[in-house]
>>> print(open('data.cif').read())   # mmCIF, C-alpha atoms
data_run
loop_
_atom_site.label_atom_id
_atom_site.label_comp_id
_atom_site.auth_asym_id
_atom_site.auth_seq_id
_atom_site.Cartn_x
_atom_site.Cartn_y
_atom_site.Cartn_z
CA MET K 3 0.76 48.34 -34.88
CA THR K 4 1.06 46.26 -38.03
CA ASP K 5 1.09 43.05 -36.00
CA LEU K 6 -2.29 43.70 -34.49
CA THR K 7 -5.50 42.22 -35.73
CA GLU K 8 -8.17 44.69 -36.77
CA GLN K 9 -10.08 43.68 -33.69
CA ASP K 10 -7.18 44.52 -31.38
CA ARG K 11 -6.54 47.73 -33.27
CA ILE K 12 -10.12 48.83 -32.61
CA ALA K 13 -9.91 47.66 -29.00
CA ALA K 14 -6.76 49.71 -28.37
CA MET K 15 -8.46 52.76 -29.79
CA ALA K 16 -11.60 52.20 -27.75
CA TYR K 17 -9.47 51.69 -24.66
CA VAL K 18 -7.83 55.08 -25.12
CA ASP K 19 -11.18 56.71 -25.87
CA GLY K 20 -12.73 55.26 -22.73
CA GLU K 21 -15.14 53.26 -24.84
CA LEU K 22 -14.08 49.73 -24.04
CA ALA K 23 -16.93 47.76 -22.49
CA PRO K 24 -16.47 47.53 -18.72
CA ALA K 25 -16.57 43.75 -18.97
CA ASP K 26 -13.54 43.75 -21.31
CA LEU K 27 -11.50 46.26 -19.41
CA ALA K 28 -9.73 44.00 -16.92
CA ALA K 29 -8.78 41.47 -19.58
CA PHE K 30 -7.40 44.23 -21.79
CA ASP K 31 -5.38 45.70 -18.93
CA ALA K 32 -3.91 42.27 -18.25
CA ARG K 33 -2.90 41.85 -21.90
CA LEU K 34 -1.20 45.25 -21.95
CA ALA K 35 1.24 44.05 -19.31
CA HIS K 36 2.79 41.41 -21.54
CA GLU K 37 1.94 42.38 -25.11
CA PRO K 38 4.39 45.12 -26.11
CA ALA K 39 2.82 45.65 -29.54
CA LEU K 40 -0.55 46.28 -27.98
CA ALA K 41 0.94 48.57 -25.32
CA ALA K 42 2.83 50.53 -27.99
CA THR K 43 -0.35 51.03 -29.98
CA VAL K 44 -2.14 52.27 -26.89
CA ALA K 45 0.69 54.70 -26.18
CA ARG K 46 0.59 56.04 -29.75
CA GLU K 47 -3.18 56.43 -29.64
CA ARG K 48 -2.91 58.27 -26.38
CA ALA K 49 -0.31 60.65 -27.77
CA LEU K 50 -2.42 61.33 -30.85
CA ARG K 51 -5.51 62.02 -28.80
CA ALA K 52 -3.61 64.44 -26.57
CA SER K 53 -2.00 66.18 -29.55
CA LEU K 54 -5.29 66.73 -31.32
CA ALA K 55 -7.00 68.03 -28.22
CA SER K 56 -4.24 70.52 -27.46
CA ALA K 57 -3.76 71.54 -31.09
CA TYR K 58 -7.34 72.70 -31.39
CA ALA K 59 -7.85 74.01 -27.88
CA PRO K 60 -6.77 77.60 -28.72
CA GLU K 61 -9.65 77.94 -31.19
CA LEU K 62 -12.06 78.02 -28.29
CA ASP K 63 -10.52 81.26 -27.09
CA GLU K 64 -11.09 83.16 -30.30
CA PRO K 65 -13.75 85.84 -30.09
CA VAL K 66 -17.06 84.84 -31.65
CA PRO K 67 -18.16 87.17 -34.47
CA ALA K 68 -20.98 89.53 -33.61
CA ALA K 69 -23.02 88.23 -36.53
CA LEU K 70 -23.29 84.86 -34.83
CA LEU K 71 -24.07 86.35 -31.46
CA ASP K 72 -26.74 88.47 -33.13
CA LEU K 73 -28.63 85.34 -34.00
CA LEU K 74 -28.98 84.44 -30.37
CA ALA K 75 -29.74 87.86 -28.99
CA VAL K 76 -33.10 88.16 -27.37
CA PRO K 77 -35.44 90.68 -28.94
CA GLU K 78 -36.11 93.68 -26.74
CA PRO K 79 -39.52 93.30 -25.18
CA ALA K 80 -42.03 96.09 -25.73
CA ILE K 81 -41.05 98.90 -23.45
CA LYS K 82 -43.81 100.22 -21.30
CA PRO K 83 -43.12 103.37 -19.34
CA VAL K 84 -44.21 102.18 -15.96
CA ALA K 85 -42.85 102.63 -12.49
CA ALA K 86 -40.25 105.17 -13.48
CA ASN K 87 -41.32 107.41 -10.62
CA ASP K 88 -41.29 104.60 -8.13
CA ALA K 89 -37.86 103.56 -9.24
CA VAL K 90 -36.38 107.00 -8.88
CA ALA K 91 -38.04 107.44 -5.53
CA ILE K 92 -36.59 104.22 -4.24
CA GLY K 93 -33.12 104.84 -5.53
CA ALA K 94 -32.90 108.40 -4.36
CA ASN K 95 -34.35 107.80 -0.95
CA ASP K 96 -31.58 107.93 1.59
CA ALA K 97 -33.87 106.94 4.42
CA TYR K 98 -34.71 103.80 2.54
CA ARG K 99 -31.08 103.14 1.91
CA GLY K 100 -30.33 103.50 5.58
CA ALA K 101 -32.96 100.93 6.37
CA LEU K 102 -31.15 98.22 4.45
CA PRO K 103 -29.75 95.49 6.67
CA HIS K 104 -26.10 96.05 7.37
CA ALA K 105 -24.74 93.11 5.43
CA LEU K 106 -26.85 93.96 2.43
CA ARG K 107 -25.82 97.60 2.55
CA TRP K 108 -22.19 96.56 2.60
CA ARG K 109 -22.69 94.49 -0.49
CA TRP K 110 -24.45 97.23 -2.34
CA ALA K 111 -21.57 99.50 -1.43
CA GLU K 112 -19.13 96.94 -2.68
CA TRP K 113 -20.87 96.98 -5.97
CA GLY K 114 -20.71 100.71 -6.05
CA ALA K 115 -23.41 103.04 -7.30
CA MET K 116 -26.01 101.29 -5.25
CA ALA K 117 -28.78 103.68 -6.09
CA ALA K 118 -28.13 103.56 -9.80
CA CYS K 119 -27.99 99.83 -9.72
CA LEU K 120 -31.24 99.54 -7.84
CA VAL K 121 -33.10 101.98 -10.03
CA LEU K 122 -31.85 100.14 -13.04
CA GLY K 123 -33.00 96.86 -11.64
CA VAL K 124 -36.44 98.08 -10.77
CA MET K 125 -36.93 99.76 -14.11
CA LEU K 126 -35.66 96.78 -15.93
CA GLY K 127 -37.86 94.49 -13.95
CA ALA K 128 -40.86 96.64 -14.65
CA ARG K 129 -40.06 96.89 -18.30
CA VAL K 130 -39.51 93.21 -18.68
CA LEU K 131 -42.31 91.92 -16.57
CA ALA K 132 -45.05 94.46 -16.90
CA PRO K 133 -46.30 93.36 -20.31
CA ARG K 134 -46.56 89.80 -19.14
CA THR K 135 -48.34 90.21 -15.84
CA THR K 136 -51.96 91.02 -15.34
CA SER K 137 -52.55 91.93 -11.73
CA GLY K 138 -52.12 95.62 -11.15
CA GLY K 139 -50.19 95.47 -7.92
CA ASP K 140 -47.76 92.80 -8.90
CA THR K 141 -46.05 94.08 -11.99
CA LEU K 142 -42.60 94.75 -10.62
CA ALA K 143 -39.85 92.21 -10.32
CA LEU K 144 -38.63 93.96 -7.19
CA GLY K 145 -40.43 95.51 -4.29
CA VAL K 146 -39.64 96.81 -0.85
CA ALA K 147 -40.65 94.92 2.25
CA SER K 148 -41.84 96.61 5.44
CA ASP K 149 -38.35 96.51 6.90
CA GLY K 150 -36.83 98.07 3.82
CA ALA K 151 -35.34 94.98 2.27
CA VAL K 152 -35.52 94.64 -1.49
CA VAL K 153 -37.62 91.60 -2.25
CA ALA K 154 -38.51 89.71 -5.37
CA GLN K 155 -42.05 89.96 -6.67
CA GLY K 156 -44.13 88.61 -9.48
CA ALA K 157 -42.52 86.32 -11.99
CA LEU K 158 -39.13 86.63 -10.31
CA ARG K 159 -40.52 85.48 -6.98
CA ASP K 160 -42.42 82.65 -8.61
CA ALA K 161 -39.35 81.48 -10.45
CA LEU K 162 -37.17 81.59 -7.35
CA GLU K 163 -39.76 79.57 -5.46
CA GLN K 164 -40.57 77.03 -8.10
CA HIS K 165 -37.66 76.44 -10.44
CA VAL K 166 -35.50 73.53 -9.53
CA ALA K 167 -32.24 72.35 -11.08
CA GLY K 168 -32.36 74.62 -14.07
CA ILE K 169 -35.75 73.36 -15.21
CA VAL K 170 -37.97 76.24 -16.15
CA LEU K 171 -41.59 75.44 -15.53
CA ASP K 172 -42.99 78.22 -17.63
CA PRO K 173 -41.21 78.48 -20.96
CA ASN K 174 -42.43 82.04 -21.33
CA SER K 175 -40.94 83.12 -18.06
CA PRO K 176 -38.32 85.83 -18.50
CA VAL K 177 -36.55 84.53 -15.42
CA VAL K 178 -33.86 81.87 -15.45
CA VAL K 179 -32.73 80.56 -12.10
CA GLY K 180 -29.17 79.33 -11.96
CA LEU K 181 -27.20 78.19 -8.94
CA THR K 182 -28.52 77.60 -5.46
CA PHE K 183 -26.36 77.80 -2.35
CA ARG K 184 -26.62 78.62 1.36
CA ASP K 185 -25.15 81.76 2.80
CA HIS K 186 -23.36 82.09 6.12
CA ALA K 187 -26.68 82.54 7.91
CA LYS K 188 -27.87 79.27 6.31
CA HIS K 189 -30.41 81.06 4.12
CA TYR K 190 -30.94 79.57 0.72
CA CYS K 191 -29.73 81.89 -2.02
CA ARG K 192 -30.29 81.60 -5.74
CA THR K 193 -28.84 83.35 -8.75
CA PHE K 194 -31.18 84.53 -11.45
CA THR K 195 -31.28 86.36 -14.74
CA LEU K 196 -34.12 88.49 -16.02
CA ASP K 197 -34.59 88.25 -19.76
CA ASN K 198 -30.87 87.67 -20.17
CA ALA K 199 -30.37 91.31 -19.37
CA SER K 200 -29.85 91.61 -15.67
CA SER K 201 -28.73 89.13 -13.10
CA GLY K 202 -28.53 88.90 -9.37
CA ILE K 203 -28.65 86.88 -6.20
CA ALA K 204 -31.67 86.54 -3.95
CA CYS K 205 -31.77 84.88 -0.52
CA LYS K 206 -34.92 83.50 1.09
CA GLN K 207 -35.59 85.22 4.38
CA ALA K 208 -38.67 85.80 6.51
CA ASP K 209 -39.77 88.61 4.18
CA GLY K 210 -39.38 86.54 1.04
CA TRP K 211 -36.59 86.48 -1.49
CA VAL K 212 -34.34 89.37 -0.51
CA VAL K 213 -32.24 90.55 -3.42
CA ALA K 214 -28.65 90.87 -2.35
CA ASN K 215 -26.96 91.66 -5.62
CA LEU K 216 -28.25 92.93 -8.87
CA GLU K 217 -26.47 93.98 -11.98
CA HIS K 218 -27.36 94.85 -15.49
CA ALA K 219 -25.53 93.11 -18.26
CA ALA K 220 -24.10 96.34 -19.55
CA SER K 221 -22.85 98.99 -17.21
CA ALA K 222 -24.37 101.52 -19.60
CA PRO K 223 -27.30 103.60 -18.39
CA ALA K 224 -30.70 102.00 -18.58
CA THR K 225 -31.98 104.69 -20.87
CA ALA K 226 -29.75 103.81 -23.78
CA ALA K 227 -30.64 100.79 -25.84
CA SER K 228 -28.35 98.81 -23.64
CA GLY K 229 -30.21 95.64 -24.38
CA ASN K 230 -28.32 94.33 -27.33
CA ALA K 231 -24.69 94.43 -26.34
CA GLY K 232 -25.69 93.39 -22.87
CA ALA K 233 -27.79 90.52 -24.04
CA TYR K 234 -24.90 89.11 -26.01
CA ARG K 235 -22.66 89.03 -23.04
CA MET K 236 -25.34 87.58 -20.86
CA ALA K 237 -26.13 84.95 -23.40
CA ALA K 238 -22.56 83.81 -23.51
CA SER K 239 -22.02 83.93 -19.80
CA PRO K 240 -25.04 84.50 -17.61
CA PHE K 241 -23.08 85.87 -14.68
CA SER K 242 -20.27 88.37 -14.57
CA PRO K 243 -17.00 87.52 -12.84
CA ALA K 244 -17.95 90.02 -10.14
CA LEU K 245 -21.22 88.26 -9.47
CA LEU K 246 -19.54 84.87 -9.39
CA GLN K 247 -17.06 86.28 -6.91
CA SER K 248 -19.81 87.46 -4.64
CA ILE K 249 -21.33 84.00 -4.76
CA ASP K 250 -18.07 82.60 -3.51
CA ALA K 251 -17.88 85.23 -0.81
CA MET K 252 -21.46 84.59 0.30
CA ARG K 253 -21.76 80.88 0.16
CA GLU K 254 -21.22 78.39 2.93
CA GLY K 255 -20.50 74.99 1.42
CA ASP K 256 -21.05 73.90 -2.13
CA THR K 257 -23.84 74.80 -4.47
CA LEU K 258 -26.85 72.53 -4.26
CA ASP K 259 -27.33 69.67 -6.67
CA ALA K 260 -30.70 68.84 -8.19
CA ALA K 261 -31.77 66.55 -5.37
CA ALA K 262 -30.79 69.06 -2.70
CA GLU K 263 -32.66 71.80 -4.54
CA LYS K 264 -35.80 69.69 -4.62
CA ALA K 265 -35.48 68.91 -0.92
CA ALA K 266 -34.97 72.58 -0.07
CA GLN K 267 -37.90 73.58 -2.21
CA ALA K 268 -40.09 71.00 -0.47
CA LYS K 269 -39.29 72.77 2.80
CA GLY K 270 -40.21 76.13 1.32
CA TRP K 271 -36.55 77.15 1.16
CA ARG K 272 -36.56 77.61 4.93
CA PRO K 273 -33.19 77.14 6.59
CA MET R 2 -40.83 70.18 -18.95
CA SER R 3 -38.05 71.71 -20.94
CA LEU R 4 -35.57 74.52 -20.86
CA SER R 5 -37.08 77.85 -21.74
CA PRO R 6 -36.24 79.24 -25.17
CA LEU R 7 -34.22 81.91 -23.40
CA ALA R 8 -32.14 79.38 -21.53
CA LEU R 9 -31.67 77.35 -24.70
CA ARG R 10 -30.44 80.41 -26.56
CA ALA R 11 -27.95 81.03 -23.80
CA GLU R 12 -26.80 77.42 -23.95
CA ILE R 13 -26.37 77.61 -27.70
CA ALA R 14 -24.44 80.86 -27.39
CA ALA R 15 -22.12 79.20 -24.94
CA LEU R 16 -21.49 76.43 -27.46
CA LEU R 17 -20.58 78.80 -30.29
CA PRO R 18 -16.80 78.42 -29.91
CA ARG R 19 -17.09 74.65 -30.19
CA LEU R 20 -19.53 74.88 -33.09
CA ARG R 21 -17.09 77.11 -34.94
CA ARG R 22 -14.24 74.75 -34.26
CA PHE R 23 -16.15 71.76 -35.59
CA ALA R 24 -17.34 73.81 -38.57
CA ARG R 25 -13.75 74.64 -39.47
CA SER R 26 -12.80 71.03 -39.32
CA VAL R 27 -15.70 70.18 -41.61
CA THR R 28 -15.37 73.03 -44.09
CA ARG R 29 -11.61 73.66 -43.94
CA HIS R 30 -12.40 77.29 -44.54
CA ARG R 31 -12.82 79.97 -41.92
CA GLU R 32 -15.57 81.96 -43.60
CA ASP R 33 -17.42 78.89 -44.79
CA ALA R 34 -17.21 77.68 -41.23
CA ASP R 35 -18.95 80.74 -39.85
CA ASP R 36 -21.54 80.55 -42.63
CA LEU R 37 -22.16 76.97 -41.66
CA VAL R 38 -22.51 77.83 -37.98
CA GLN R 39 -24.91 80.60 -38.89
CA ILE R 40 -27.09 78.30 -40.97
CA ALA R 41 -27.04 75.63 -38.28
CA VAL R 42 -27.96 78.08 -35.52
CA GLU R 43 -30.77 79.53 -37.62
CA ARG R 44 -32.13 76.05 -38.23
CA ALA R 45 -31.80 75.18 -34.57
CA LEU R 46 -33.67 78.31 -33.50
CA LYS R 47 -36.44 77.54 -35.96
CA HIS R 48 -36.80 74.06 -34.52
CA LEU R 49 -36.00 74.54 -30.87
CA ASP R 50 -38.96 72.34 -30.04
CA HIS R 51 -37.26 69.43 -31.81
CA TRP R 52 -34.51 69.31 -29.27
CA GLN R 53 -35.32 66.76 -26.61
CA ASP R 54 -34.67 67.60 -23.03
CA GLY R 55 -32.16 65.20 -21.57
CA THR R 56 -30.24 64.76 -24.81
CA ARG R 57 -27.01 66.54 -25.56
CA LEU R 58 -27.48 69.96 -27.07
CA ASP R 59 -23.99 69.93 -28.58
CA SER R 60 -24.66 66.66 -30.44
CA TRP R 61 -27.94 68.03 -31.73
CA LEU R 62 -26.23 71.13 -33.09
CA PHE R 63 -23.32 69.19 -34.56
CA ARG R 64 -25.81 67.01 -36.39
CA ILE R 65 -27.73 69.99 -37.73
CA MET R 66 -24.41 71.38 -38.88
CA LYS R 67 -23.38 68.17 -40.57
CA ASN R 68 -26.70 68.07 -42.43
CA ALA R 69 -26.47 71.72 -43.40
CA TRP R 70 -22.99 71.08 -44.72
CA ILE R 71 -24.19 68.24 -46.88
CA ASP R 72 -27.34 70.05 -47.96
CA GLU R 73 -26.05 73.40 -48.94
CA VAL R 74 -22.73 74.78 -47.87
CA ARG R 75 -20.54 72.15 -49.45
CA ALA R 76 -22.06 72.90 -52.83
CA ARG R 77 -20.60 76.39 -52.78
CA GLY R 78 -17.15 75.03 -53.42
CA ARG R 79 -15.02 77.49 -51.52
CA ARG R 80 -12.83 74.91 -49.90
CA ASP R 81 -9.37 73.69 -49.12
CA GLU R 82 -7.90 77.08 -48.62
CA VAL R 83 -8.25 77.37 -44.94
CA LEU R 84 -6.39 76.97 -42.28
CA ALA R 85 -4.73 77.80 -39.19
CA PRO R 86 -5.42 81.20 -37.62
CA GLU R 87 -1.72 81.98 -37.89
CA GLU R 88 -1.91 81.72 -41.64
CA ALA R 89 -4.84 84.08 -41.65
CA GLY R 90 -2.67 86.54 -39.80
CA GLU R 91 -4.52 86.25 -36.54
CA HIS R 92 -2.93 86.21 -33.20
CA VAL R 93 -3.45 83.08 -31.22
CA GLY R 94 -1.53 82.67 -28.04
CA TYR R 95 0.73 79.71 -27.52
CA SER R 96 2.75 79.05 -24.47
CA GLU R 97 5.51 77.14 -26.19
CA THR R 98 7.33 78.00 -29.36
CA GLY R 99 7.15 74.43 -30.62
CA SER R 100 3.41 74.07 -30.34
CA ARG R 101 2.71 76.34 -33.30
CA GLU R 102 4.58 74.04 -35.66
CA ILE R 103 2.98 70.98 -34.14
CA ARG R 104 -0.42 72.54 -34.53
CA LEU R 105 0.20 73.43 -38.15
CA SER R 106 1.37 69.96 -39.04
CA ILE R 107 -1.57 68.37 -37.26
CA ASP R 108 -3.99 70.67 -39.04
CA LYS R 109 -2.40 69.93 -42.37
CA ALA R 110 -2.67 66.21 -41.74
CA MET R 111 -6.31 66.62 -40.75
CA GLY R 112 -6.94 68.50 -43.96
CA ARG R 113 -5.71 65.53 -45.98
CA LEU R 114 -8.10 63.10 -44.36
CA PRO R 115 -11.20 62.14 -46.30
CA GLU R 116 -14.11 64.17 -45.04
CA GLU R 117 -15.94 61.33 -43.34
CA GLN R 118 -12.85 60.30 -41.41
CA ARG R 119 -12.07 63.85 -40.46
CA MET R 120 -15.55 64.40 -39.04
CA ALA R 121 -15.31 61.23 -36.98
CA VAL R 122 -11.87 62.18 -35.67
CA SER R 123 -13.01 65.71 -34.92
CA LEU R 124 -16.10 64.69 -33.02
CA VAL R 125 -14.40 62.06 -30.90
CA LEU R 126 -10.83 63.27 -30.45
CA VAL R 127 -11.30 67.03 -30.54
CA GLU R 128 -14.86 67.56 -29.33
CA GLY R 129 -14.71 64.61 -26.97
CA LEU R 130 -18.03 63.03 -27.93
CA PRO R 131 -18.70 59.43 -26.93
CA TYR R 132 -18.88 56.99 -29.85
CA LYS R 133 -22.63 56.68 -29.52
CA GLU R 134 -23.13 60.44 -29.78
CA ALA R 135 -20.68 60.82 -32.65
CA ALA R 136 -22.39 58.03 -34.56
CA GLN R 137 -25.74 59.76 -34.11
CA VAL R 138 -24.34 63.07 -35.28
CA LEU R 139 -23.08 61.41 -38.44
CA ASP R 140 -26.13 59.16 -38.85
CA ILE R 141 -24.00 56.03 -39.06
CA PRO R 142 -23.84 52.82 -37.03
CA ILE R 143 -21.22 52.61 -34.29
CA GLY R 144 -19.25 49.98 -36.20
CA THR R 145 -18.92 52.35 -39.13
CA LEU R 146 -17.85 55.11 -36.82
CA THR R 147 -15.13 53.02 -35.19
CA SER R 148 -13.78 51.89 -38.51
CA ARG R 149 -13.68 55.49 -39.82
CA LEU R 150 -11.97 56.51 -36.61
CA ALA R 151 -9.38 53.76 -36.88
CA ARG R 152 -8.61 54.56 -40.53
CA GLY R 153 -8.44 58.26 -39.81
CA ARG R 154 -6.09 57.74 -36.91
CA ASP R 155 -3.85 55.41 -38.84
CA ALA R 156 -3.58 57.98 -41.60
CA LEU R 157 -2.79 60.74 -39.11
CA GLN R 158 -0.15 58.62 -37.40
CA ALA R 159 1.44 57.85 -40.73
CA MET R 160 1.49 61.50 -41.79
CA LEU R 161 2.74 62.81 -38.47
CA GLY R 162 5.30 60.13 -37.82
CA ASP R 163 4.84 57.69 -35.02
CA GLY R 164 5.79 58.83 -31.58
CA ASP R 165 6.86 62.28 -32.65
CA ILE R 166 3.76 64.26 -31.93
CA THR R 167 3.57 64.42 -28.20
CA PRO R 168 2.50 67.91 -27.29
#
>>> encode(input="data.cif", output="structure tokens")
Amino acid sequence: MTDLTEQDRIAAMAYVDGELAPADLAAFDARLAHEPALAATVARERALRASLASAYAPELDEPVPAALLDLLAVPEPAIKPVAANDAVAIGANDAYRGALPHALRWRWAEWGAMAACLVLGVMLGARVLAPRTTSGGDTLALGVASDGAVVAQGALRDALEQHVAGIVLDPNSPVVVGLTFRDHAKHYCRTFTLDNASSGIACKQADGWVVANLEHAASAPATAASGNAGAYRMAASPFSPALLQSIDAMREGDTLDAAAEKAAQAKGWRP
Amino acid sequence: MSLSPLALRAEIAALLPRLRRFARSVTRHREDADDLVQIAVERALKHLDHWQDGTRLDSWLFRIMKNAWIDEVRARGRRDEVLAPEEAGEHVGYSETGSREIRLSIDKAMGRLPEEQRMAVSLVLVEGLPYKEAAQVLDIPIGTLTSRLARGRDALQAMLGDGDITP
């Protein structure tokens, strides 16, 4: 190392850091082959870089203090007691449940407590979206299509249709759309979160965006002030391991990149 | 077009472990580090509109943190008493028995670096930032960054003993 000029010293470091200009790379590689001092410096730099990275890696696994997470929690939106009756009616209605398509029903069952989950989702959607929407008939995030499928409405539907590659068109939208993929029937499916508090998967079918999975951030009942603890978790990781698993089970092929999302959107998300 | 404030908050939350790690490297004190992260996140939330879509959010936050450190936290003077989680009695999992000692000696060596070298080393070698990003975080030209990096690395090599630090 002591034999090297300052210039070579910096070059060896840049080489290890992947910062050497592409034009200089081949020449540097050639020199390494027959300049032992240079090669030794590169080896030392490499070892140091690896040591530092691994020495400080465990810090990333330490739990983050609640005080810091508090800063990033999303304030509870004003709660408006709407649609509670509708929600209960939907969740408790066995006939409705029986009308769910088979595959969908199986997934709800897999999630367990399908009715509770659905009620929660509808109430949450109503609570989150109602204050922000104006038209009377379109205040819920979720509705029921004529064939009984659970479909996205309002801001959720708009977001699923319009958002591409993580870009949110309306900064006030409570909906964040995440990954897009195709299911085994070639339908386009997208993950979403509502106000960082509930998340799910919706697939575009003839009826619209049919919601296949829905979960609240906290498994606590909707009535409790479940927002805070749930919001933290959602903020740190928008989708639960269970939801990510169902994506893997549902998807055919890889998730779409930005260009593929744009192309699919241009075709109206039709398979 | 930009990320919604909600999405940005989620992104920042996801960065918290890295922000804390960099803050510890800067402050050399665990509580100061969390204070620094808190101040930086508060500033970031107040000025979310200053973040430019298409630029790195982590660099932006590191830079806010560096400025906050210079502006206010450093003045408090609760420093140089840090260190490794083990010393603070916390459990951190290690797969190999030797890595704890290696980690401690590396951290000790880092603590002896002058602050400006330590920040450069931290940003590039620990946080993995490209030179250009690290230079922007520190508000210095790239040439200054590379020379701080080289001096910091030489000092670390000298303290740790050449060739004896392979993980």
>>> atom_distance(input="data.cif", atom1="CA of Ala161 in chain K", atom2="CA of Pro176 in chain K")
9.2 Å
>>> resolve_selection(input="data.cif", expression="the PyMOL selection byres ((chain K and resi 19) around 9)", output="list in words")
Ala14, Met15, Ala16, Tyr17, Val18, Gly20, Glu21, Leu22, Glu47, Arg48 and Arg51 of chain K; Val125, Leu126, Gly129, Pro131 and Tyr132 of chain R
>>> closest_residue(input="data.cif", among="R:Gln137, R:Pro142, R:Val127, R:Thr28", to="Ile71 in chain R", atoms="all atoms listed in the file")
R:Thr28
>>> residues_around(input="data.cif", residues="Val38 in chain R", least_positions_apart="2", cutoff="9 Å", atoms="all atoms listed in the file", output="VMD selection string")
(chain K and resid 70) or (chain R and resid 17 20 to 21 24 33 to 36 40 to 43 66)
>>> closest_residue(input="data.cif", among="K:Cys205, K:Leu216, K:Ala59, K:Ala32", to="chain R", atoms="only C-alpha atoms")
K:Ala59
>>> resolve_selection(input="data.cif", expression="the PyMOL selection byres ((chain R and resi 138) around 10)", output="PyMOL selection string")
chain R and resi 59-68+120-121+124+130+132-137+139-141
>>> closest_residue(input="data.cif", among="K:Pro243, K:Pro38, K:Gly210, K:Pro67", to="Gln39 in chain R", atoms="all atoms listed in the file")
K:Pro67
>>> residues_near_point(input="data.cif", point="(-6.1, 46.3, -35.3)", cutoff="12 Å", atoms="only C-alpha atoms", output="PDB file with C-alpha atoms, in the frame of the given file")
ATOM      1  CA  MET K   3       0.760  48.340 -34.880  1.00  0.00           C
ATOM      2  CA  THR K   4       1.060  46.260 -38.030  1.00  0.00           C
ATOM      3  CA  ASP K   5       1.090  43.050 -36.000  1.00  0.00           C
ATOM      4  CA  LEU K   6      -2.290  43.700 -34.490  1.00  0.00           C
ATOM      5  CA  THR K   7      -5.500  42.220 -35.730  1.00  0.00           C
ATOM      6  CA  GLU K   8      -8.170  44.690 -36.770  1.00  0.00           C
ATOM      7  CA  GLN K   9     -10.080  43.680 -33.690  1.00  0.00           C
ATOM      8  CA  ASP K  10      -7.180  44.520 -31.380  1.00  0.00           C
ATOM      9  CA  ARG K  11      -6.540  47.730 -33.270  1.00  0.00           C
ATOM     10  CA  ILE K  12     -10.120  48.830 -32.610  1.00  0.00           C
ATOM     11  CA  ALA K  13      -9.910  47.660 -29.000  1.00  0.00           C
ATOM     12  CA  ALA K  14      -6.760  49.710 -28.370  1.00  0.00           C
ATOM     13  CA  MET K  15      -8.460  52.760 -29.790  1.00  0.00           C
ATOM     14  CA  ALA K  16     -11.600  52.200 -27.750  1.00  0.00           C
ATOM     15  CA  ALA K  39       2.820  45.650 -29.540  1.00  0.00           C
ATOM     16  CA  LEU K  40      -0.550  46.280 -27.980  1.00  0.00           C
ATOM     17  CA  THR K  43      -0.350  51.030 -29.980  1.00  0.00           C
ATOM     18  CA  VAL K  44      -2.140  52.270 -26.890  1.00  0.00           C
ATOM     19  CA  GLU K  47      -3.180  56.430 -29.640  1.00  0.00           C
TER      20      GLU K  47
ATOM     21  CA  THR R 147     -15.130  53.020 -35.190  1.00  0.00           C
ATOM     22  CA  SER R 148     -13.780  51.890 -38.510  1.00  0.00           C
ATOM     23  CA  LEU R 150     -11.970  56.510 -36.610  1.00  0.00           C
ATOM     24  CA  ALA R 151      -9.380  53.760 -36.880  1.00  0.00           C
ATOM     25  CA  ARG R 152      -8.610  54.560 -40.530  1.00  0.00           C
ATOM     26  CA  ARG R 154      -6.090  57.740 -36.910  1.00  0.00           C
ATOM     27  CA  ASP R 155      -3.850  55.410 -38.840  1.00  0.00           C
TER      28      ASP R 155
END
>>> closest_residue(input="data.cif", among="K:Ala41, K:Leu162, K:Val179, K:Val152", to="chain R", atoms="all atoms listed in the file")
K:Val179
>>> resolve_selection(input="data.cif", expression="the PyMOL selection byres ((chain R and resi 109) around 10)", output="list of chain:residue names")
R:Val83, R:Leu84, R:Ala85, R:Ile103, R:Arg104, R:Leu105, R:Ser106, R:Ile107, R:Asp108, R:Ala110, R:Met111, R:Gly112, R:Arg113, R:Leu114, R:Leu157, R:Met160, R:Leu161
>>> write_last_selection(input="data.cif", atoms="C-alpha atoms", output="PDB file, in the frame of the given file")
ATOM      1  CA  VAL R  83      -8.250  77.370 -44.940  1.00  0.00           C
ATOM      2  CA  LEU R  84      -6.390  76.970 -42.280  1.00  0.00           C
ATOM      3  CA  ALA R  85      -4.730  77.800 -39.190  1.00  0.00           C
ATOM      4  CA  ILE R 103       2.980  70.980 -34.140  1.00  0.00           C
ATOM      5  CA  ARG R 104      -0.420  72.540 -34.530  1.00  0.00           C
ATOM      6  CA  LEU R 105       0.200  73.430 -38.150  1.00  0.00           C
ATOM      7  CA  SER R 106       1.370  69.960 -39.040  1.00  0.00           C
ATOM      8  CA  ILE R 107      -1.570  68.370 -37.260  1.00  0.00           C
ATOM      9  CA  ASP R 108      -3.990  70.670 -39.040  1.00  0.00           C
ATOM     10  CA  ALA R 110      -2.670  66.210 -41.740  1.00  0.00           C
ATOM     11  CA  MET R 111      -6.310  66.620 -40.750  1.00  0.00           C
ATOM     12  CA  GLY R 112      -6.940  68.500 -43.960  1.00  0.00           C
ATOM     13  CA  ARG R 113      -5.710  65.530 -45.980  1.00  0.00           C
ATOM     14  CA  LEU R 114      -8.100  63.100 -44.360  1.00  0.00           C
ATOM     15  CA  LEU R 157      -2.790  60.740 -39.110  1.00  0.00           C
ATOM     16  CA  MET R 160       1.490  61.500 -41.790  1.00  0.00           C
ATOM     17  CA  LEU R 161       2.740  62.810 -38.470  1.00  0.00           C
TER      18      LEU R 161
END
>>> closest_residue(input="data.cif", among="K:Asp209, K:Glu217, K:Asp185, K:Glu163", to="Asp256 in chain K", atoms="all atoms listed in the file")
K:Asp185
